[in-house]
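Novice: Sharing protein-v7.txt here; it has compact mmCIF, C-alpha atoms.
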# COMPACT_ATOMS: atom_id res chain seq x y z
CA MET E 19 199.55 48.63 46.15
CA GLN E 20 201.90 47.64 48.99
CA GLU E 21 204.69 46.88 46.48
CA LEU E 22 204.36 50.38 44.96
CA LEU E 23 204.40 51.98 48.41
CA THR E 24 207.45 49.92 49.40
CA LYS E 25 209.37 51.13 46.34
CA PHE E 26 208.31 54.71 47.18
CA TYR E 27 209.56 54.39 50.75
CA LEU E 28 212.78 52.74 49.58
CA THR E 29 213.40 55.68 47.26
CA MET E 30 212.65 58.22 49.98
CA ALA E 31 214.87 56.31 52.43
CA ARG E 32 217.94 56.62 50.20
CA PRO E 33 219.84 59.84 50.91
CA ALA E 34 220.53 62.14 47.98
CA ARG E 35 224.23 61.93 47.16
CA ALA E 36 224.59 65.52 46.03
CA ALA E 37 223.04 66.89 49.22
CA ALA E 38 224.81 64.51 51.61
CA ALA E 39 226.68 66.32 54.36
CA PRO E 40 230.21 65.16 55.22
CA LYS E 41 230.29 62.70 58.11
CA ALA E 42 231.95 63.76 61.32
CA GLU E 43 234.74 61.46 62.39
CA GLY E 44 233.36 58.67 64.58
CA ALA E 45 229.74 59.68 63.90
CA LEU E 46 227.14 56.90 63.79
CA GLU E 47 225.22 56.51 60.54
CA ARG E 48 221.48 57.00 61.06
CA LYS E 49 218.88 56.26 58.45
CA THR E 50 215.18 55.86 57.88
CA LYS E 51 213.95 52.38 58.69
CA ILE E 52 210.98 50.80 56.95
CA TYR E 53 208.74 48.22 58.60
CA SER E 54 206.06 46.13 56.93
CA ILE E 55 203.23 43.81 57.88
CA PRO E 56 203.78 40.84 55.53
CA LYS E 57 200.23 39.51 55.70
CA GLY E 58 196.97 41.29 56.35
CA GLY E 59 196.91 44.61 58.13
CA GLY E 60 194.43 46.30 55.81
CA ILE E 61 194.56 50.03 55.13
CA ILE E 62 195.23 50.95 58.75
CA ALA E 63 196.81 48.64 61.35
CA THR E 64 197.61 49.72 64.90
CA ILE E 65 200.15 48.19 67.26
CA LYS E 66 199.69 48.73 70.99
CA SER E 67 202.17 51.13 72.49
CA GLU E 68 203.36 48.78 75.25
CA ALA E 69 204.66 45.24 75.61
CA ILE E 70 206.70 43.04 77.95
CA VAL E 71 210.15 42.06 76.72
CA TYR E 72 213.23 40.34 78.07
CA ASP E 73 216.12 42.71 78.74
CA PRO E 74 219.45 40.82 78.58
CA GLU E 75 221.32 43.67 80.28
CA THR E 76 219.29 43.35 83.49
CA ASN E 77 218.32 39.70 82.95
CA THR E 78 214.69 40.59 83.70
CA ASN E 79 211.40 41.03 81.90
CA ARG E 80 210.63 44.73 81.48
CA GLN E 81 207.81 46.78 80.07
CA ILE E 82 208.47 48.88 77.00
CA ARG E 83 206.26 51.80 75.99
CA TYR E 84 206.35 54.05 72.98
CA CYS E 85 206.25 57.61 74.28
CA PRO E 86 207.54 60.12 71.71
CA ASN E 87 208.46 62.66 74.40
CA GLU E 88 210.66 60.20 76.33
CA PRO E 89 214.30 59.28 75.56
CA SER E 90 213.87 55.70 76.85
CA ILE E 91 211.41 53.02 75.76
CA PHE E 92 211.50 51.28 79.18
CA SER E 93 208.59 52.41 81.33
CA ASP E 94 210.64 52.29 84.55
CA GLU E 95 212.99 54.87 83.05
CA GLN E 96 210.27 57.20 81.81
CA SER E 97 209.00 60.29 83.61
CA GLN E 98 205.57 60.87 85.11
CA PHE E 99 204.78 63.05 82.10
CA ALA E 100 205.21 60.22 79.61
CA VAL E 101 202.47 60.12 76.97
CA ARG E 102 201.91 56.90 75.11
CA LYS E 103 201.16 56.82 71.39
CA HIS E 104 200.00 53.94 69.23
CA VAL E 105 202.13 52.80 66.29
CA VAL E 106 200.16 53.00 63.06
CA PHE E 107 200.90 51.14 59.80
CA GLU E 108 199.25 52.44 56.63
CA ASN E 109 198.70 49.92 53.84
CA GLY E 110 200.98 47.53 55.72
CA LEU E 111 203.96 49.90 55.82
CA LEU E 112 205.58 52.29 58.28
CA ALA E 113 208.60 54.51 57.56
CA VAL E 114 210.43 55.66 60.70
CA PRO E 115 212.92 58.53 60.12
CA SER E 116 216.20 58.73 61.98
CA ASP E 117 214.87 61.63 64.06
CA GLN E 118 212.47 59.19 65.78
CA PRO E 119 215.01 56.94 67.53
CA SER E 120 212.59 55.96 70.32
CA LEU E 121 210.11 54.56 67.79
CA GLN E 122 212.89 52.72 65.98
CA LYS E 123 214.07 51.19 69.24
CA PHE E 124 210.51 50.33 70.34
CA LEU E 125 209.92 48.42 67.10
CA GLU E 126 213.37 46.82 67.35
CA TYR E 127 212.59 45.44 70.82
CA HIS E 128 208.91 44.61 70.17
CA PRO E 129 208.04 40.89 70.53
CA GLY E 130 205.94 41.08 67.37
CA ASN E 131 209.05 41.86 65.32
CA LYS E 132 210.03 38.94 63.07
CA ALA E 133 213.66 39.40 64.17
CA ASN E 134 212.54 38.55 67.73
CA GLY E 135 210.55 35.50 66.69
CA GLY E 136 207.26 37.34 66.22
CA GLY E 137 205.00 37.26 63.21
CA LEU E 138 203.36 40.67 63.33
CA PHE E 139 205.78 42.85 61.37
CA GLU E 140 209.35 42.97 60.05
CA GLU E 141 211.99 45.49 59.05
CA VAL E 142 212.60 45.89 55.34
CA ASN E 143 216.31 45.72 54.58
CA THR E 144 216.50 48.60 52.12
CA GLU E 145 220.05 47.89 50.94
CA HIS E 146 219.30 44.20 50.42
CA LYS E 147 215.99 45.00 48.72
CA ALA E 148 217.66 47.47 46.35
CA GLU E 149 220.34 44.90 45.50
CA LEU E 150 217.69 42.25 44.82
CA ASP E 151 215.77 44.64 42.57
CA ILE E 152 218.91 45.34 40.52
CA ASN E 153 219.81 41.65 40.27
CA GLU E 154 216.28 40.79 39.14
CA GLU E 155 216.50 43.43 36.41
CA PHE E 156 219.82 41.98 35.21
CA VAL E 157 218.46 38.43 35.17
CA LEU E 158 215.38 39.54 33.22
CA HIS E 159 217.60 41.40 30.74
CA ASP E 160 219.79 38.31 30.26
CA ALA E 161 216.78 36.03 29.74
CA VAL E 162 215.24 38.31 27.12
CA GLY E 163 218.66 38.64 25.47
CA LEU E 164 218.86 34.87 25.01
CA VAL E 165 215.59 34.84 23.05
CA ARG E 166 216.75 37.78 20.94
CA ASN E 167 220.29 36.60 20.21
CA LYS E 168 220.04 32.81 20.01
CA SER E 169 219.28 31.15 16.69
CA ILE E 170 216.06 29.23 16.28
CA ASP E 171 218.08 25.99 16.23
CA GLU E 172 219.54 26.84 19.63
CA LEU E 173 216.12 27.80 20.99
CA MET E 174 214.29 24.76 19.64
CA PRO E 175 215.36 22.36 22.46
CA ILE E 176 214.06 24.88 25.00
CA ALA E 177 210.80 25.23 23.09
CA ILE E 178 210.34 21.46 22.93
CA TYR E 179 211.11 21.08 26.64
CA LEU E 180 208.58 23.79 27.54
CA GLY E 181 205.92 22.25 25.34
CA VAL E 182 205.80 25.09 22.82
CA ASP E 183 204.20 24.18 19.48
CA THR E 184 207.24 23.95 17.20
CA ASN E 185 205.10 23.72 14.04
CA GLN E 186 204.54 27.47 14.24
CA LYS E 187 206.54 30.12 12.43
CA ASN E 188 209.88 30.98 14.02
CA ALA E 189 208.64 34.40 15.11
CA GLU E 190 205.68 32.81 16.91
CA ILE E 191 207.95 30.32 18.67
CA LYS E 192 210.20 33.15 19.81
CA ARG E 193 207.20 35.13 21.01
CA GLU E 194 206.10 32.26 23.27
CA LEU E 195 209.65 31.82 24.55
CA LEU E 196 209.84 35.54 25.26
CA LEU E 197 206.73 35.30 27.43
CA GLU E 198 208.31 32.41 29.33
CA ALA E 199 211.60 34.33 29.73
CA LYS E 200 209.79 37.32 31.20
CA ALA E 201 207.62 35.22 33.50
CA ARG E 202 210.42 33.04 34.95
CA PRO E 203 213.75 34.53 33.82
CA LYS E 204 216.05 32.64 36.20
CA ARG E 205 214.54 29.25 35.34
CA PHE E 206 214.61 30.11 31.63
CA ILE E 207 218.34 30.89 31.72
CA GLU E 208 219.12 27.70 33.65
CA LEU E 209 217.41 25.59 30.95
CA PHE E 210 220.28 26.32 28.55
CA ASP E 211 222.70 24.48 30.86
CA ASN E 212 220.30 21.66 31.71
CA PRO E 213 221.33 18.41 29.94
CA THR E 214 217.78 17.10 30.23
CA VAL E 215 216.55 19.84 27.87
CA ALA E 216 218.78 18.88 24.94
CA THR E 217 218.24 15.17 25.54
CA ARG E 218 214.46 15.49 25.62
CA ALA E 219 214.57 17.50 22.38
CA ILE E 220 216.50 14.70 20.65
CA VAL E 221 214.09 12.03 21.92
CA LYS E 222 211.06 14.09 20.86
CA LYS E 223 212.51 14.70 17.37
CA ALA E 224 213.38 11.01 17.02
CA VAL E 225 209.73 10.18 17.73
CA ASP E 226 208.53 12.79 15.23
CA PHE E 227 210.90 11.42 12.56
CA GLN E 228 209.72 7.88 13.32
CA LEU E 229 213.09 6.60 14.41
CA ILE E 230 211.54 5.37 17.65
CA ASN E 231 207.96 4.63 18.67
CA ALA E 232 206.57 5.92 21.96
CA ARG E 233 203.92 3.62 23.46
CA GLU E 234 202.28 3.60 26.87
CA ASP E 235 204.33 0.59 28.01
CA GLY E 236 207.70 1.76 26.65
CA MET E 237 209.86 3.16 23.88
CA TYR E 238 210.55 0.92 20.86
CA TRP E 239 212.77 1.11 17.78
CA PHE E 240 210.44 1.95 14.91
CA ASP E 241 211.96 -0.38 12.31
CA SER E 242 212.66 -3.50 14.41
CA ASN E 243 209.99 -2.98 17.10
CA ARG E 244 212.59 -3.87 19.75
CA LEU E 245 212.07 -2.44 23.23
CA ILE E 246 214.50 0.32 24.24
CA VAL E 247 213.17 1.03 27.72
CA ALA E 248 210.00 0.07 29.55
CA THR E 249 207.69 2.76 30.93
CA PRO E 250 206.36 2.26 34.47
CA VAL E 251 202.58 2.54 34.84
CA GLY E 252 201.42 6.13 35.09
CA GLN E 253 204.63 7.69 33.72
CA ASP E 254 205.34 9.45 30.43
CA THR E 255 207.33 7.42 27.89
CA ILE E 256 209.27 10.38 26.47
CA SER E 257 210.26 11.52 29.98
CA VAL E 258 211.34 8.00 30.93
CA THR E 259 213.37 7.65 27.73
CA THR E 260 214.98 11.04 28.29
CA GLN E 261 216.18 9.98 31.72
CA PHE E 262 217.33 6.64 30.32
CA CYS E 263 219.45 8.39 27.66
CA LEU E 264 221.17 10.38 30.40
CA THR E 265 222.42 7.18 32.03
CA GLU E 266 225.55 5.27 31.05
CA LYS E 267 223.44 2.39 29.77
CA GLY E 268 221.32 4.66 27.59
CA GLY E 269 224.23 6.69 26.26
CA THR E 270 224.60 4.46 23.21
CA VAL E 271 220.93 4.89 22.32
CA TYR E 272 221.25 8.66 22.64
CA GLU E 273 224.30 8.83 20.37
CA THR E 274 222.55 6.62 17.80
CA LEU E 275 219.51 8.91 17.78
CA LYS E 276 221.71 11.98 17.28
CA GLU E 277 223.57 10.34 14.39
CA GLU E 278 220.38 9.22 12.65
CA LEU E 279 218.76 12.64 13.05
CA HIS E 280 221.87 14.28 11.63
CA LYS E 281 221.66 12.06 8.53
CA LEU E 282 218.00 12.95 8.00
CA GLU E 283 218.67 16.67 8.31
CA LEU E 284 221.54 16.71 5.76
Can the structure from this file be put into structure tokens for me?
Specialist:
Amino acid sequence: MQELLTKFYLTMARPARAAAAPKAEGALERKTKIYSIPKGGGIIATIKSEAIVYDPETNTNRQIRYCPNEPSIFSDEQSQFAVRKHVVFENGLLAVPSDQPSLQKFLEYHPGNKANGGGLFEEVNTEHKAELDINEEFVLHDAVGLVRNKSIDELMPIAIYLGVDTNQKNAEIKRELLLEAKARPKRFIELFDNPTVATRAIVKKAVDFQLINAREDGMYWFDSNRLIVATPVGQDTISVTTQFCLTEKGGTVYETLKEELHKLEL
């Protein structure tokens, strides 16, 4: 619910380009600011309209009060007719238009603001949030594109690394990879450049083709029963062998496995 409201406020906070008035030279840009309560808050959350803050200009602690009819938020600068008003968050969010500068300043100075070291609320950076949303969409698009455009041979190492059942039909393998790409797109994309992925796929295929034998205590050559690498207690033999093949010492084993698998697949 809060995520939907945030997107709504972000949309409302962006000025319409067609209706934008030309800026006067030297004019300050003013915009709607959005504040959120990251945790809790419920449907309605109220912040008291006064607090004590440190004012660096006077080097003193001063009281701030939110009074909509006053130009200053400092109580010692407000008139005798000042009327306080509580600050109310609805569903953890509060949008403050540019025509409420006193409320914006009150929240900016408030000790509960995350920017001031507080943990009560924080300002949502609308430009940063919009940029993140766009980047996330691009990453998701790229991840899905990899599943769609890569051949099954190129996707198989990823499937093996992720523990997907590779005995299924190609379409079923791709369907499971598509779910993974949508769930964790950034991680999915990074797997294609991860040397561990391809190496683990080779080791796993070598076990399936009975070139090597994975036991609890280590990995052995299937034909000679010679030990390739020992497996420490409590660790997975295929994972240990994968890491071994990535080392200089295990490089020869890895190349041998690739050559033997290539012969079997011809």
Novice: List the spatial neighbours of Phe99 in chain E as a PyMOL selection string - criterion: any atom at most 10 Å away, all atoms listed in the file, same-chain residues fewer than 3 positions off excluded.
Specialist: chain E and resi 85+87-88+96+102
Novice: Take the residues that were just selected and, keeping C-alpha atoms, output them as a PDB file, keeping the file's coordinate frame.
Specialist:
ATOM      1  CA  CYS E  85     206.250  57.610  74.280  1.00  0.00           C
ATOM      2  CA  ASN E  87     208.460  62.660  74.400  1.00  0.00           C
ATOM      3  CA  GLU E  88     210.660  60.200  76.330  1.00  0.00           C
ATOM      4  CA  GLN E  96     210.270  57.200  81.810  1.00  0.00           C
ATOM      5  CA  ARG E 102     201.910  56.900  75.110  1.00  0.00           C
TER       6      ARG E 102
END
Novice: Just checking: using only C-alpha atoms, which residue out of E:Ile178, E:Ile52, E:Leu229, E:Leu275 ends up closest to Ser116 in chain E?
Specialist: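 Going through E:Ile178, E:Ile52, E:Leu229, E:Leu275 one by one, the smallest distance to Ser116 in chain E is for E:Ile52.
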Novice: Considering only C-alpha atoms, return as a PyMOL selection string whatever protein or nucleic-acid residues lie within 12 Å of Ala199 in chain E, sequence-local ones (same chain, fewer than 2 positions apart) excluded.
Specialist: chain E and resi 157-166+173+176-177+180+192-197+201-210
Novice: Write a file of the just-selected residues containing C-alpha atoms, as a tab-separated table (two decimals), keeping the file's coordinate frame.
Specialist:
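The new file selection-v3.tsv reads:
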chain	number	residue	atom	x	y	z
E	157	VAL	CA	218.46	38.43	35.17
E	158	LEU	CA	215.38	39.54	33.22
E	159	HIS	CA	217.60	41.40	30.74
E	160	ASP	CA	219.79	38.31	30.26
E	161	ALA	CA	216.78	36.03	29.74
E	162	VAL	CA	215.24	38.31	27.12
E	163	GLY	CA	218.66	38.64	25.47
E	164	LEU	CA	218.86	34.87	25.01
E	165	VAL	CA	215.59	34.84	23.05
E	166	ARG	CA	216.75	37.78	20.94
E	173	LEU	CA	216.12	27.80	20.99
E	176	ILE	CA	214.06	24.88	25.00
E	177	ALA	CA	210.80	25.23	23.09
E	180	LEU	CA	208.58	23.79	27.54
E	192	LYS	CA	210.20	33.15	19.81
E	193	ARG	CA	207.20	35.13	21.01
E	194	GLU	CA	206.10	32.26	23.27
E	195	LEU	CA	209.65	31.82	24.55
E	196	LEU	CA	209.84	35.54	25.26
E	197	LEU	CA	206.73	35.30	27.43
E	201	ALA	CA	207.62	35.22	33.50
E	202	ARG	CA	210.42	33.04	34.95
E	203	PRO	CA	213.75	34.53	33.82
E	204	LYS	CA	216.05	32.64	36.20
E	205	ARG	CA	214.54	29.25	35.34
E	206	PHE	CA	214.61	30.11	31.63
E	207	ILE	CA	218.34	30.89	31.72
E	208	GLU	CA	219.12	27.70	33.65
E	209	LEU	CA	217.41	25.59	30.95
E	210	PHE	CA	220.28	26.32	28.55
Novice: In terms of the shortest atom-to-atom distance over only C-alpha atoms, which of E:Gly236, E:Gly110, E:Gly136, E:Gly252 is closest to Gly60 in chain E?
Specialist: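 Closest residue, counting only C-alpha atoms: E:Gly110.
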Novice: I'd like the neighbourhood of Val71 in chain E as JSON, numbers by chain, where a residue qualifies if any of its atoms comes within 8 Å (using only C-alpha atoms), though same-chain residues fewer than 2 positions away should be ignored.
Specialist: {"E": [69, 73, 79, 80, 81, 82, 127, 128, 129]}
Novice: If I take CA of Thr255 in chain E and CA of Asn231 in chain E, how far is one from the other in Å, to one decimal?
Specialist: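 We find that CA of Thr255 in chain E and CA of Asn231 in chain E lie 9.7 Å from each other.
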Novice: Box for range 166-181 of chain E - axis-aligned, 5 Å on each of the six sides, all listed atoms - centre and size in Å to one decimal, as JSON.
Specialist:
{"center_x": 213.1, "center_y": 29.4, "center_z": 21.9, "size_x": 24.4, "size_y": 26.7, "size_z": 21.3}
Novice: Could you check which of E:Leu125, E:Ile256, E:Met237, E:Ala133 is closest to Ala219 in chain E, using all atoms listed in the file?
Specialist: E:Ile256
